[in-house]
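Below is my_file.txt, holding compact mmCIF, C-alpha atoms and all ligand atoms.
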```txt
# COMPACT_ATOMS: atom_id res chain seq x y z
CA MET A 1 14.31 -15.33 39.45
CA ALA A 2 12.46 -12.03 39.44
CA TYR A 3 9.15 -12.85 41.06
CA ARG A 4 6.34 -10.33 40.82
CA PHE A 5 3.62 -10.64 43.42
CA ILE A 6 0.53 -8.80 44.57
CA PHE A 7 -0.45 -9.37 48.21
CA LEU A 8 -4.15 -8.82 48.85
CA GLY A 9 -5.82 -8.87 52.23
CA ALA A 10 -7.91 -6.89 54.67
CA PRO A 11 -6.32 -4.32 56.96
CA GLY A 12 -4.63 -6.33 59.69
CA SER A 13 -4.26 -9.46 57.55
CA GLY A 14 -0.47 -9.35 57.70
CA LYS A 15 0.37 -7.98 54.23
CA GLY A 16 3.05 -5.67 55.57
CA THR A 17 4.66 -8.29 57.80
CA TRP A 18 4.73 -10.96 55.11
CA SER A 19 5.95 -8.48 52.50
CA ALA A 20 8.89 -7.58 54.72
CA ILE A 21 9.83 -11.24 55.30
CA VAL A 22 9.40 -12.37 51.69
CA SER A 23 11.12 -9.37 50.13
CA ARG A 24 14.15 -10.10 52.28
CA ARG A 25 14.17 -13.84 51.58
CA LEU A 26 13.64 -13.58 47.81
CA ALA A 27 15.49 -10.28 47.30
CA LEU A 28 12.44 -8.44 45.97
CA SER A 29 11.45 -4.79 46.27
CA HIS A 30 8.64 -4.26 48.77
CA LEU A 31 6.36 -1.71 47.12
CA SER A 32 3.89 -0.39 49.67
CA THR A 33 2.08 2.56 48.13
CA GLY A 34 1.64 4.20 51.55
CA ASP A 35 5.37 3.99 52.34
CA LEU A 36 6.37 5.03 48.81
CA LEU A 37 4.17 8.12 49.02
CA ARG A 38 5.64 9.11 52.37
CA GLN A 39 9.12 8.59 50.91
CA GLU A 40 8.42 10.82 47.89
CA VAL A 41 7.06 13.50 50.20
CA ALA A 42 10.15 13.24 52.42
CA GLU A 43 12.42 13.52 49.36
CA ASN A 44 10.34 16.49 48.18
CA SER A 45 10.23 15.09 44.63
CA GLU A 46 7.83 16.59 42.10
CA LEU A 47 5.46 13.68 42.67
CA GLY A 48 5.88 14.06 46.43
CA GLN A 49 5.02 17.75 46.30
CA LYS A 50 1.85 17.03 44.35
CA ALA A 51 0.84 14.23 46.73
CA LYS A 52 1.52 16.43 49.74
CA SER A 53 -0.85 19.12 48.52
CA TYR A 54 -3.69 16.57 48.68
CA MET A 55 -2.58 15.08 51.96
CA ASP A 56 -2.29 18.52 53.59
CA ALA A 57 -5.82 19.32 52.43
CA GLY A 58 -6.99 16.07 54.03
CA GLU A 59 -7.93 14.62 50.64
CA LEU A 60 -7.20 11.22 49.15
CA VAL A 61 -4.24 11.17 46.79
CA PRO A 62 -5.81 10.69 43.33
CA ASP A 63 -5.46 7.43 41.42
CA GLU A 64 -3.36 8.97 38.59
CA LEU A 65 -0.73 10.08 41.05
CA ILE A 66 -0.51 6.69 42.74
CA LEU A 67 -0.33 5.11 39.31
CA ALA A 68 2.56 7.38 38.29
CA LEU A 69 4.34 6.33 41.46
CA VAL A 70 3.79 2.62 40.85
CA ASP A 71 4.89 3.05 37.24
CA LYS A 72 8.14 4.68 38.33
CA LYS A 73 8.89 2.03 40.97
CA LEU A 74 7.99 -0.97 38.81
CA GLY A 75 10.37 0.31 36.18
CA GLU A 76 13.19 0.43 38.71
CA ALA A 77 12.49 -2.87 40.46
CA ASN A 78 13.75 -6.24 39.37
CA GLY A 79 11.22 -8.37 41.22
CA PHE A 80 8.62 -6.93 43.58
CA ILE A 81 5.75 -7.37 46.00
CA LEU A 82 2.91 -4.89 45.62
CA ASP A 83 1.38 -4.30 49.05
CA GLY A 84 -1.76 -2.16 49.20
CA TYR A 85 -2.14 -1.85 45.44
CA PRO A 86 -4.33 -2.35 43.45
CA ARG A 87 -7.30 -1.61 45.71
CA ASN A 88 -10.03 -1.81 43.11
CA ILE A 89 -10.73 -3.01 39.57
CA ALA A 90 -9.90 0.34 37.97
CA GLN A 91 -6.44 0.25 39.56
CA ALA A 92 -5.98 -3.39 38.56
CA LYS A 93 -6.64 -2.48 34.92
CA SER A 94 -4.24 0.46 35.04
CA LEU A 95 -1.62 -1.81 36.57
CA GLU A 96 -2.08 -4.26 33.73
CA GLU A 97 -1.29 -1.52 31.22
CA ILE A 98 1.90 -0.63 33.08
CA LEU A 99 2.98 -4.25 33.19
CA GLU A 100 2.37 -4.65 29.48
CA LYS A 101 4.26 -1.46 28.74
CA ASN A 102 7.22 -2.81 30.72
CA LYS A 103 6.81 -6.24 29.07
CA ILE A 104 6.50 -8.03 32.39
CA SER A 105 3.80 -10.17 33.95
CA LEU A 106 2.69 -11.11 37.45
CA SER A 107 3.89 -14.35 38.99
CA LYS A 108 1.06 -14.76 41.51
CA VAL A 109 -1.58 -12.84 43.40
CA ILE A 110 -1.71 -13.95 47.03
CA TYR A 111 -4.83 -13.44 49.11
CA LEU A 112 -4.14 -13.52 52.85
CA GLU A 113 -7.25 -14.97 54.39
CA VAL A 114 -7.99 -14.15 58.01
CA ALA A 115 -11.30 -14.66 59.83
CA GLU A 116 -13.11 -11.41 60.52
CA ASP A 117 -13.20 -11.80 64.31
CA GLU A 118 -9.48 -12.45 64.28
CA LEU A 119 -8.89 -9.25 62.28
CA VAL A 120 -10.94 -7.27 64.77
CA ARG A 121 -9.00 -8.83 67.65
CA ARG A 122 -5.67 -7.94 66.01
CA ILE A 123 -6.55 -4.39 65.11
CA THR A 124 -8.10 -3.48 68.42
CA SER A 125 -4.99 -4.65 70.26
CA ARG A 126 -2.80 -2.28 68.28
CA VAL A 127 -1.23 0.76 69.91
CA VAL A 128 0.97 3.39 68.30
CA CYS A 129 3.47 6.04 69.30
CA LEU A 130 2.40 9.43 67.98
CA ASN A 131 5.90 10.76 68.43
CA CYS A 132 8.00 8.31 66.35
CA GLY A 133 5.35 6.23 64.56
CA ALA A 134 6.31 2.87 66.10
CA THR A 135 3.49 0.31 66.19
CA TYR A 136 2.94 -2.33 68.86
CA ASN A 137 0.45 -5.12 69.35
CA LEU A 138 -0.57 -5.79 72.93
CA GLN A 139 -0.98 -9.49 72.16
CA THR A 140 1.78 -10.35 69.74
CA MET A 141 4.35 -7.57 70.10
CA PRO A 142 3.84 -5.61 73.33
CA PRO A 143 6.15 -2.78 74.40
CA THR A 144 8.64 -3.62 77.15
CA ALA A 145 6.99 -1.24 79.60
CA ALA A 146 3.18 -0.96 79.43
CA GLY A 147 1.98 2.14 77.60
CA VAL A 148 5.47 3.46 76.81
CA CYS A 149 7.29 3.45 73.45
CA ASP A 150 10.48 1.30 73.48
CA ARG A 151 12.08 3.49 70.87
CA CYS A 152 11.52 7.00 72.19
CA GLY A 153 9.82 6.73 75.60
CA SER A 154 6.63 8.55 74.56
CA LYS A 155 3.14 7.52 75.59
CA LEU A 156 1.37 4.90 73.44
CA ILE A 157 -2.23 5.35 72.35
CA GLN A 158 -4.90 3.44 70.45
CA ARG A 159 -5.70 5.26 67.22
CA GLN A 160 -9.29 6.27 66.61
CA ASP A 161 -9.16 4.12 63.43
CA ASP A 162 -8.33 1.05 65.48
CA THR A 163 -11.45 0.97 67.65
CA GLU A 164 -13.85 -1.84 66.76
CA ASP A 165 -16.68 0.31 65.35
CA VAL A 166 -14.43 2.36 63.09
CA PHE A 167 -12.54 -0.73 62.00
CA ARG A 168 -15.76 -2.58 61.04
CA VAL A 169 -16.64 0.33 58.72
CA ARG A 170 -13.17 0.17 57.11
CA LEU A 171 -13.50 -3.58 56.76
CA ASP A 172 -16.86 -3.28 55.00
CA ALA A 173 -15.45 -0.72 52.57
CA TYR A 174 -12.48 -2.99 51.94
CA LYS A 175 -14.71 -5.98 51.24
CA ARG A 176 -16.87 -4.06 48.77
CA GLN A 177 -13.79 -3.04 46.78
CA THR A 178 -11.75 -6.20 47.09
CA ALA A 179 -14.25 -8.97 46.48
CA PRO A 180 -14.32 -8.06 42.76
CA LEU A 181 -10.49 -8.10 42.68
CA LEU A 182 -10.41 -11.69 43.91
CA ALA A 183 -12.74 -12.73 41.10
CA TYR A 184 -10.71 -10.69 38.61
CA TYR A 185 -7.43 -12.44 39.43
CA GLU A 186 -9.07 -15.82 39.89
CA LYS A 187 -10.31 -15.62 36.31
CA LYS A 188 -6.76 -14.92 35.13
CA GLY A 189 -5.57 -18.00 37.02
CA LEU A 190 -3.27 -15.94 39.21
CA LEU A 191 -5.05 -16.06 42.57
CA HIS A 192 -3.74 -18.18 45.44
CA ARG A 193 -5.26 -18.18 48.90
CA TYR A 194 -3.24 -18.46 52.06
CA LYS A 195 -4.81 -18.89 55.48
CA ASN A 196 -2.83 -16.50 57.61
CA ASP A 197 -3.36 -17.54 61.21
CA GLY A 198 -0.87 -14.96 62.35
CA ALA A 199 1.83 -17.27 63.67
CA GLN A 200 5.00 -16.19 61.92
CA THR A 201 6.88 -19.38 62.72
CA GLU A 202 9.90 -20.73 60.83
CA GLU A 203 7.70 -23.50 59.47
CA GLY A 204 4.93 -21.09 58.47
CA THR A 205 7.44 -18.95 56.62
CA GLU A 206 8.83 -21.94 54.70
CA ASP A 207 5.28 -23.02 53.78
CA PHE A 208 4.44 -19.57 52.57
CA LEU A 209 7.62 -19.31 50.50
CA LYS A 210 6.86 -22.70 48.98
CA LEU A 211 3.43 -21.48 47.87
CA LEU A 212 5.02 -18.41 46.33
CA THR A 213 7.85 -20.09 44.46
CA LYS A 214 6.15 -23.31 43.33
CA GLU A 215 5.70 -23.51 39.54
ZN ZN B 301 8.06 6.36 69.94
```
This entry written out as structure tokens:
Amino acid sequence: MAYRFIFLGAPGSGKGTWSAIVSRRLALSHLSTGDLLRQEVAENSELGQKAKSYMDAGELVPDELILALVDKKLGEANGFILDGYPRNIAQAKSLEEILEKNKISLSKVIYLEVAEDELVRRITSRVVCLNCGATYNLQTMPPTAAGVCDRCGSKLIQRQDDTEDVFRVRLDAYKRQTAPLLAYYEKKGLLHRYKNDGAQTEEGTEDFLKLLTKE
């Protein structure tokens, strides 16, 4: 069955991790707009070139461009998980037009609920490798040797974005944009909430899959 999901959740709520697990288990395409953009840029496609001009200028990639990307990928995918899109009501409405055009509909919208203090704890324990892009979590997925990347041996750092003050600002912006999305999908009867305590156990995974695939 070609399931079509949207995963909503704050930064650090586990959207990426769950998307990876579920897309593998249910044979779905994992459509993360951030990853897709980077991929288009790497392939130097027409879309990628346009996106790069904004990124190089330090500007946000405009909505129309992201939409064109989603449109292209939805057309190619059989079933999918949208991770990081839509971010606001305007994008949700554009997405609806694309779905209608392709004569498909969403199976479920999953909201990954995590307590705010837990999000802050998760994000502030994140360290990254600036050389190869690997991400580690000092609590849940620490590097083998403290402060050193397992993959390439470079020094690990905490990104400026991942300090508590900066993260709280991001979280507030996220909440302003996303609260209306929850209401939007709730009204359509598509919204399901999942309390994501962060333990990616076998049992947790089966529970989550059950929520996704239940009629
Ligand atoms: Zn590295």
*Cut-off 8 Å, all atoms listed in the file, neighbours of ligand ZN 301 (chain B) as a count of residues only*: 16
Kindly provide, as AutoDock Vina command-line options, the centre and edge lengths (Å, one decimal) of an axis-aligned box around all atoms of stretch 188-206 of chain A given in the file, with 5 Å on each side.
```
--center_x 1.6 --center_y -19.2 --center_z 49.4 --size_x 26.7 --size_y 18.6 --size_z 38.5
```
For the contact check between stretch 96-118 of chain A and stretch 184-189 of chain A, emit one row per residue of stretch 96-118 of chain A within 12 Å, containing the shortest atom pair and the distance in Å rounded to one decimal, counting all atoms listed in the file, chain then rising number order, as JSON lines.
```
{"residue": "A:Glu96", "atom": "CA", "partner": "A:Tyr185", "partner_atom": "CA", "distance": 11.3}
{"residue": "A:Ser105", "atom": "CA", "partner": "A:Lys188", "partner_atom": "CA", "distance": 11.6}
{"residue": "A:Leu106", "atom": "CA", "partner": "A:Tyr185", "partner_atom": "CA", "distance": 10.4}
{"residue": "A:Ser107", "atom": "CA", "partner": "A:Gly189", "partner_atom": "CA", "distance": 10.3}
{"residue": "A:Lys108", "atom": "CA", "partner": "A:Gly189", "partner_atom": "CA", "distance": 8.6}
{"residue": "A:Val109", "atom": "CA", "partner": "A:Tyr185", "partner_atom": "CA", "distance": 7.1}
{"residue": "A:Ile110", "atom": "CA", "partner": "A:Tyr185", "partner_atom": "CA", "distance": 9.6}
{"residue": "A:Tyr111", "atom": "CA", "partner": "A:Tyr185", "partner_atom": "CA", "distance": 10.1}
```
_Residues near A:Arg126, anyone? I mean within 10 Å using all atoms listed in the file, not counting same-chain ones fewer than 3 positions away, as a PyMOL selection string._
chain A and resi 12+121-123+135-142+156-159+162-163
Atoms to include: C-alpha atoms. Write the selected residues as a PDB file, keeping the file's coordinate frame.
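In the end it all went to part.pdb:
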```pdb
ATOM      1  CA  GLY A  12      -4.630  -6.330  59.690  1.00  0.00           C
ATOM      2  CA  ARG A 121      -9.000  -8.830  67.650  1.00  0.00           C
ATOM      3  CA  ARG A 122      -5.670  -7.940  66.010  1.00  0.00           C
ATOM      4  CA  ILE A 123      -6.550  -4.390  65.110  1.00  0.00           C
ATOM      5  CA  THR A 135       3.490   0.310  66.190  1.00  0.00           C
ATOM      6  CA  TYR A 136       2.940  -2.330  68.860  1.00  0.00           C
ATOM      7  CA  ASN A 137       0.450  -5.120  69.350  1.00  0.00           C
ATOM      8  CA  LEU A 138      -0.570  -5.790  72.930  1.00  0.00           C
ATOM      9  CA  GLN A 139      -0.980  -9.490  72.160  1.00  0.00           C
ATOM     10  CA  THR A 140       1.780 -10.350  69.740  1.00  0.00           C
ATOM     11  CA  MET A 141       4.350  -7.570  70.100  1.00  0.00           C
ATOM     12  CA  PRO A 142       3.840  -5.610  73.330  1.00  0.00           C
ATOM     13  CA  LEU A 156       1.370   4.900  73.440  1.00  0.00           C
ATOM     14  CA  ILE A 157      -2.230   5.350  72.350  1.00  0.00           C
ATOM     15  CA  GLN A 158      -4.900   3.440  70.450  1.00  0.00           C
ATOM     16  CA  ARG A 159      -5.700   5.260  67.220  1.00  0.00           C
ATOM     17  CA  ASP A 162      -8.330   1.050  65.480  1.00  0.00           C
ATOM     18  CA  THR A 163     -11.450   0.970  67.650  1.00  0.00           C
TER      19      THR A 163
END
```
*Separation of atom CA of A:Leu82 and atom CA of A:Leu31, in Å?*
4.9 Å
*Contacts of A:Asn102 within 9 Å, all atoms listed in the file, excl. fewer than 4 positions in-chain, as a ChimeraX atom specification*: /A:74-75,97-98
Mind writing the picked residues with C-alpha atoms as a compact mmCIF listing (two decimals), keeping the file's coordinate frame?
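Contents of selection31.txt, as written:
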```txt
# COMPACT_ATOMS: atom_id res chain seq x y z
CA LEU A 74 7.99 -0.97 38.81
CA GLY A 75 10.37 0.31 36.18
CA GLU A 97 -1.29 -1.52 31.22
CA ILE A 98 1.90 -0.63 33.08
```
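Atom to atom, atom CA of A:Ser125 and atom CA of A:Lys195 stand 20.5 Å apart.
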*asked:* With all atoms listed in the file as the counted atoms, please give the residues lying no more than 10 Å from A:Gly34, apart from itself and same-chain residues fewer than 2 positions off, as a count of residues only.
replied: 10
Wanna dump the stretch 59-114 of chain A-stretch 178-181 of chain A contacts at 8 Å for me, each residue with its shortest atom pair and the distance in Å to one decimal, counting only C-alpha atoms, ordered by chain and number, as JSON lines?
```
{"residue": "A:Arg87", "atom": "CA", "partner": "A:Thr178", "partner_atom": "CA", "distance": 6.5}
{"residue": "A:Asn88", "atom": "CA", "partner": "A:Thr178", "partner_atom": "CA", "distance": 6.2}
{"residue": "A:Ile89", "atom": "CA", "partner": "A:Leu181", "partner_atom": "CA", "distance": 6.0}
{"residue": "A:Ala92", "atom": "CA", "partner": "A:Leu181", "partner_atom": "CA", "distance": 7.7}
```
Near stretch 41-49 of chain A, 9 Å: stretch 58-173 of chain A residue rows, closest pairs, only C-alpha atoms, as a Markdown table:
```
| residue | atom | partner | partner_atom | distance |
| --- | --- | --- | --- | --- |
| A:Leu65 | CA | A:Leu47 | CA | 7.3 |
| A:Ala68 | CA | A:Leu47 | CA | 8.2 |
| A:Leu69 | CA | A:Leu47 | CA | 7.5 |
```
*When you draw a straight line from atom CA of A:Glu113 to atom CA of A:Ala10, how long is it in Å?*
8.1 Å
*Nearest residue to A:Asp71 from the set A:Lys50, A:Lys101, A:Lys93, A:Arg24 (distances using only C-alpha atoms)*: A:Lys101
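Closest approach to A:Gly14 among A:Leu112, A:Ala57, A:Asp117, A:Arg193 is made by A:Leu112 (distances from only C-alpha atoms).
Proximity to A:Ser94 was assessed for A:Asp197, A:Asp63, A:Glu118, A:Glu206 counting only C-alpha atoms; the smallest distance is recorded for A:Asp63.
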*Find the residues around A:Leu28 up to 10 Å (only C-alpha atoms counted), leave out those fewer than 3 positions away in its own chain, and share them as a PyMOL selection string.*
chain A and resi 1-5+19-20+22-25+31+77-81
